[in-house]
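*Asks:* I'm passing along coords-v3.cif; it holds mmCIF, C-alpha atoms.
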```cif
data_structure
#
loop_
_atom_site.label_atom_id
_atom_site.label_comp_id
_atom_site.auth_asym_id
_atom_site.auth_seq_id
_atom_site.Cartn_x
_atom_site.Cartn_y
_atom_site.Cartn_z
CA MET G 1 11.99 54.93 -14.11
CA LYS G 2 11.35 58.04 -12.08
CA ILE G 3 7.97 59.78 -12.17
CA LYS G 4 9.71 62.95 -13.39
CA GLN G 5 10.75 61.05 -16.53
CA LEU G 6 7.15 59.96 -17.11
CA LEU G 7 5.81 63.52 -17.02
CA GLY G 8 5.71 65.13 -20.45
CA MET G 9 5.88 61.83 -22.35
CA MET G 10 3.50 61.34 -25.28
CA ALA G 11 0.72 58.81 -24.70
CA LEU G 12 -0.53 56.58 -27.52
CA ASP G 13 -3.72 54.54 -27.45
CA ALA G 14 -4.02 50.87 -28.45
CA ASN G 15 -4.19 51.91 -32.13
CA ALA G 16 -0.99 54.00 -31.79
CA ASN G 17 -2.95 57.26 -32.12
CA GLU G 18 -1.51 60.20 -30.21
CA VAL G 19 -3.70 60.92 -27.21
CA GLY G 20 -1.74 63.65 -25.45
CA LYS G 21 1.06 64.21 -22.97
CA ILE G 22 1.38 62.84 -19.45
CA ASP G 23 0.68 65.75 -17.09
CA ASP G 24 0.51 64.10 -13.68
CA ALA G 25 0.72 60.76 -11.91
CA GLU G 26 -1.17 59.60 -8.82
CA PHE G 27 1.38 57.80 -6.66
CA ASP G 28 0.57 55.62 -3.64
CA PRO G 29 3.59 55.89 -1.30
CA GLU G 30 2.37 53.07 0.95
CA GLU G 31 2.28 50.54 -1.89
CA GLY G 32 5.05 52.21 -3.87
CA LYS G 33 3.16 52.23 -7.15
CA ILE G 34 1.40 54.56 -9.56
CA ASN G 35 -2.39 54.25 -9.47
CA ALA G 36 -3.34 56.60 -12.32
CA ILE G 37 -1.93 59.02 -14.84
CA THR G 38 -3.41 62.27 -16.12
CA ILE G 39 -3.13 62.97 -19.83
CA VAL G 40 -3.57 66.44 -21.33
CA LEU G 41 -5.56 66.22 -24.54
CA LYS G 42 -4.50 69.07 -26.77
CA LYS G 43 -7.55 70.53 -28.47
CA ASN G 44 -5.82 73.53 -29.99
CA ILE G 45 -3.04 75.93 -29.11
CA ILE G 46 -4.85 77.75 -26.29
CA SER G 47 -7.17 75.11 -24.83
CA SER G 48 -6.72 71.63 -23.50
CA ASN G 49 -8.62 69.05 -21.47
CA LYS G 50 -7.40 66.33 -19.18
CA ILE G 51 -8.38 62.69 -18.70
CA GLU G 52 -7.33 60.30 -16.00
CA ILE G 53 -6.32 56.75 -16.93
CA ASP G 54 -5.87 53.88 -14.48
CA PHE G 55 -2.27 52.75 -14.51
CA GLU G 56 -3.56 49.21 -15.18
CA ASP G 57 -4.44 50.49 -18.67
CA VAL G 58 -0.78 51.26 -19.41
CA LYS G 59 0.66 48.52 -21.63
CA SER G 60 4.27 49.70 -21.76
CA ILE G 61 6.54 52.68 -21.27
CA GLY G 62 9.42 53.40 -23.61
CA ASP G 63 9.81 56.40 -25.86
CA TYR G 64 6.01 56.68 -25.53
CA VAL G 65 3.44 55.57 -22.99
CA LEU G 66 1.42 52.91 -24.79
CA LEU G 67 -2.09 52.32 -23.48
CA ASN G 68 -4.09 49.07 -23.58
CA LYS G 69 -7.24 50.85 -24.64
CA GLU G 70 -8.49 52.94 -27.50
CA ILE G 71 -9.17 56.58 -26.70
CA ASN G 72 -11.67 58.55 -28.76
CA LYS G 73 -10.11 61.97 -28.34
CA GLU G 74 -13.23 63.94 -29.29
CA ALA G 75 -15.42 61.93 -26.89
CA ALA G 76 -12.81 62.29 -24.14
CA ILE G 77 -12.71 66.06 -24.68
CA GLU G 78 -16.52 66.27 -24.44
CA GLU G 79 -16.51 64.13 -21.30
CA SER G 80 -13.83 66.36 -19.77
CA LYS G 81 -15.87 69.48 -20.61
CA LYS G 82 -18.95 68.02 -18.92
CA ALA G 83 -16.91 67.13 -15.84
CA LYS G 84 -15.52 70.69 -15.69
CA GLU G 85 -19.02 72.14 -15.99
CA GLU G 86 -20.32 69.91 -13.20
CA VAL G 87 -17.48 70.95 -10.92
CA ALA G 88 -18.11 74.61 -11.76
CA GLU G 89 -21.83 74.22 -10.99
CA GLU G 90 -21.03 72.58 -7.64
CA GLU G 91 -18.63 75.42 -6.78
CA VAL G 92 -21.29 78.02 -7.66
CA GLU G 93 -23.83 76.22 -5.47
CA GLU G 94 -21.32 76.15 -2.58
CA VAL G 95 -20.63 79.88 -2.94
CA GLU G 96 -24.36 80.64 -3.11
CA ALA G 97 -24.93 78.58 0.04
CA GLU G 98 -22.14 80.48 1.83
CA ILE G 99 -23.70 83.79 0.78
CA VAL G 100 -27.11 82.72 2.11
CA ASP G 101 -25.51 81.63 5.40
CA GLU G 102 -23.70 84.97 5.71
CA GLU G 103 -26.88 86.88 4.94
CA GLU G 104 -28.75 84.94 7.62
CA GLU G 105 -26.01 85.75 10.13
CA VAL G 106 -26.16 89.46 9.26
CA VAL G 107 -29.95 89.46 9.66
CA GLU G 108 -29.68 87.69 13.04
CA GLU G 109 -27.05 90.18 14.23
CA ALA G 110 -29.20 93.10 13.09
CA GLU G 111 -32.23 91.67 14.90
CA GLU G 112 -30.16 91.26 18.08
CA GLU G 113 -28.97 94.87 17.83
CA VAL G 114 -32.55 96.06 17.36
CA GLU G 115 -33.63 94.08 20.45
CA GLU G 116 -30.73 95.51 22.48
CA THR G 117 -31.58 99.02 21.34
CA ALA G 118 -35.23 98.47 22.26
CA ASP G 119 -34.21 97.22 25.72
CA VAL G 120 -32.07 100.31 26.30
CA LYS G 121 -34.93 102.69 25.45
CA ILE G 122 -37.29 100.89 27.82
CA GLU G 123 -34.97 101.38 30.78
#
```
Starting from the file, give its structure as structure tokens.
*Replies:*
Amino acid sequence: MKIKQLLGMMALDANANEVGKIDDAEFDPEEGKINAITIVLKKNIISSNKIEIDFEDVKSIGDYVLLNKEINKEAAIEESKKAKEEVAEEEVEEVEAEIVDEEEEVVEEAEEEVEETADVKIE
């Protein structure tokens, strides 16, 4: 089976409940195997969340991807939301740190210009 065929397939948990569709696969070219799959959990028409499942948790692949484990969709959606929020917070902190660094550089440049201007007036 090609990875392209895997993408878009419906994933079912151990209880045959629909979990979502396969969105991505993490492939290790050195070992020639799939390490993990990403499943999109459909919440409603306009929003969705993703979870990553180790490929070891895949029981079989046929018309569906059948998982070895039970997935609580609501809990997985909440976990995905929390992960998104944490990533967003980290990105905000990085941007804030960059802004502070840039402000410090501007202040240093301004101080250097003031010193140069003061030196010119003294001469």
*Asks:* Which residues come within 7 Å of stretch 80-90 of chain G, counting all atoms listed in the file, excluding same-chain residues fewer than 5 positions away, as a short mmCIF file (atom, residue, chain, number, x, y, z; two decimals) with C-alpha atoms, in the frame of the given file?
*Replies:*
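So the final result, stored in result_28.cif, reads:
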```cif
data_model
loop_
_atom_site.label_atom_id
_atom_site.label_comp_id
_atom_site.auth_asym_id
_atom_site.auth_seq_id
_atom_site.Cartn_x
_atom_site.Cartn_y
_atom_site.Cartn_z
CA ASN G 49 -8.62 69.05 -21.47
CA LYS G 50 -7.40 66.33 -19.18
CA ILE G 51 -8.38 62.69 -18.70
#
```
*Asks:* Need the shell around G:Lys59: protein/DNA/RNA residues with any atom at most 7 Å away, counting only C-alpha atoms. Skip same-chain ones fewer than 4 positions apart. Format as a list of chain:residue names?
*Replies:* G:Leu66, G:Leu67, G:Asn68
*Asks:* Once the PyMOL selection byres ((chain G and resi 8) around 8) has been applied to the shown file, what residues remain in the selection, as a VMD selection string?
*Replies:* chain G and resid 5 to 7 9 to 10 21 to 23
*Asks:* Go ahead and save the picked residues with C-alpha atoms, as a compact mmCIF listing (two decimals), in the frame of the given file.
*Replies:*
```txt
# COMPACT_ATOMS: atom_id res chain seq x y z
CA GLN G 5 10.75 61.05 -16.53
CA LEU G 6 7.15 59.96 -17.11
CA LEU G 7 5.81 63.52 -17.02
CA MET G 9 5.88 61.83 -22.35
CA MET G 10 3.50 61.34 -25.28
CA LYS G 21 1.06 64.21 -22.97
CA ILE G 22 1.38 62.84 -19.45
CA ASP G 23 0.68 65.75 -17.09
```
*Asks:* Grab the atom CA of G:Glu31 to atom CA of G:Val65 distance for me, in Å with one decimal place.
*Replies:*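 Going from atom CA of G:Glu31 over to atom CA of G:Val65 covers 21.7 Å.
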*Asks:* Between atom CA of G:Asp13 and atom CA of G:Ile71, what is the spacing in Å?
*Replies:*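 Separation of atom CA of G:Ile71 and atom CA of G:Asp13: 5.9 Å.
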*Asks:* Carefully work through the PyMOL selection byres ((chain G and resi 35) around 6) for this structure and note down the residues it includes, as a count of residues only.
*Replies:* 5
*Asks:* Quick check, in Å to one decimal: how far apart do atom CA of G:Val19 and atom CA of G:Ile39 lie?
*Replies:*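 These two atoms are separated by 7.7 Å.
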*Asks:* The PyMOL selection byres ((chain G and resi 53) around 6) - which residues does that actually catch in the file I just gave you? List them as a list in words.
*Replies:* Ala36, Ile37, Glu52 and Asp54 of chain G
*Asks:* Using all atoms listed in the file, which of G:Val107, G:Glu112, G:Leu12, G:Glu18 sits nearest G:Asp57?
*Replies:*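 For G:Asp57, the nearest of the given residues is G:Leu12.
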*Asks:* Between G:Glu30, G:Glu78, G:Glu70, G:Lys4, which residue has the minimum interatomic distance to G:Val58, considering all atoms listed in the file?
*Replies:*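 Between G:Glu30, G:Glu78, G:Glu70, G:Lys4, the residue approaching G:Val58 most closely is G:Glu70.
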